[in-house]
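What follows is a single structure, written as structure tokens, with notes after it.
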Amino acid sequence: ALDDSRAQRNFIVKFFEFIGIPPDQCIAFGDGRDEIMGFEDYVVKFIETHKQSFIFLIVDEHLNAVRKLSTNESISGSTVVKNIRKRLSQEEERRLIALIRSQKDSPSDIATYSTCAHGLLPDITLANAKESLASLW
């Protein structure tokens, strides 16, 4: 997972656990600019070296990476996912499901997410987690 909010990273790990993914198989990135900027390379290398694994990726759409002098750089999670998918072979792509997490769910937003990722994971709670995923499955 990739999210610039520590609270959301913690929630996503709990979300993964709630849907049956063991905590030792969950990784949440986004604690600082280096983690955000290095995420694409990390995921591609992870997929390439874990040839029998299926990868479930949740990426926040609006990522803020603080640059030097405390200026914010806004990064699109959709673009991150698109860049990852471009670098994968067809076989690697078949083992990946990548969802964008965003509260923005207008038809144009969803169309944008769908061109880059496999779908949108709207605002979720543990109470509606399985239903949210079932609608995407």
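Every chain in the structure tokens has a letter given in the order shown (A, B, ...), and although residue numbers restart at 1 in each chain, ligands are simply numbered from 1 in the order shown.
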
Contacts of Asp123 in chain A at 8 Å (only C-alpha atoms; same-chain gap of 2+ positions) as a count of residues only: 5

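Here the residues within chain A that DSSP labels strand (DSSP E or B) on the basis of the backbone are Leu2, Phe29, Ile55, Phe56, Leu57, Ile58, Val59, Asp60, His62, Leu63, Asn64, Ala65, Val66, Asn72, Glu73, Ser74, Ile75, Ser76, Leu96, Ile97, Ala98, Leu99, Ile100, Arg101, Gly119, Leu120 and Leu121 of chain A.
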
Restricting it to C-alpha atoms, dump the selection as a tab-separated table (two decimals), in the first residue's frame.
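See selection25.tsv below for the written result:
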chain	number	residue	atom	x	y	z
A	2	LEU	CA	1.02	3.61	-0.49
A	29	PHE	CA	4.72	2.85	2.39
A	55	ILE	CA	-0.10	-8.71	-5.27
A	56	PHE	CA	-2.95	-6.58	-3.94
A	57	LEU	CA	-2.04	-2.92	-4.13
A	58	ILE	CA	-3.93	0.03	-2.67
A	59	VAL	CA	-2.59	3.47	-3.55
A	60	ASP	CA	-3.92	6.81	-2.32
A	62	HIS	CA	-3.46	12.34	-3.59
A	63	LEU	CA	0.04	11.94	-2.22
A	64	ASN	CA	1.96	14.83	-0.71
A	65	ALA	CA	5.71	14.47	-0.67
A	66	VAL	CA	7.52	17.19	1.25
A	72	ASN	CA	4.88	20.09	-0.95
A	73	GLU	CA	4.99	18.11	-4.15
A	74	SER	CA	1.66	16.56	-5.09
A	75	ILE	CA	1.90	13.12	-6.70
A	76	SER	CA	-0.96	11.27	-8.35
A	96	LEU	CA	-1.54	-7.80	-9.70
A	97	ILE	CA	-4.70	-6.03	-8.66
A	98	ALA	CA	-4.15	-2.33	-8.08
A	99	LEU	CA	-6.84	-0.06	-6.66
A	100	ILE	CA	-6.87	3.68	-6.16
A	101	ARG	CA	-8.14	4.90	-2.80
A	119	GLY	CA	-10.55	0.17	-10.03
A	120	LEU	CA	-11.46	2.59	-7.28
A	121	LEU	CA	-11.64	1.74	-3.61

Please identify which residues in range 48-136 of chain A DSSP calls helix (DSSP H, G or I) from the backbone, and express them as a VMD selection string. chain A and resid 48 to 49 68 to 70 77 to 86 90 to 94 107 to 116 129 to 134

I'd like the contact shell of range 84-93 of chain A - 7 Å cut-off, only C-alpha atoms, skipping same-chain residues fewer than 4 positions apart - returned as a count of residues only. 4

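Ranking A:Asp41, A:Glu61, A:His50, A:Thr115 by their shortest atom-to-atom distance to Ser5 in chain A, with only C-alpha atoms included, puts A:Glu61 first.
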
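Summary of the local environment: counting only C-alpha atoms, residues at most 9 Å from Arg9 in chain A, other than itself and those fewer than 6 positions away along its chain, are Ala1, Leu2, Asp3, Ile27, Ala28, Phe29, Gly30 and Asp31 of chain A.
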
Can you pull out the residues contacting Ile21 in chain A? Cut-off 12 Å, using only C-alpha atoms, and skip same-chain residues under 5 positions away; I want them as a VMD selection string. chain A and resid 12 to 16 26 to 27 54 to 56

Closest to Lys51 in chain A among A:Arg94, A:Ile19, A:Ser78, A:Glu131, using only C-alpha atoms? A:Arg94
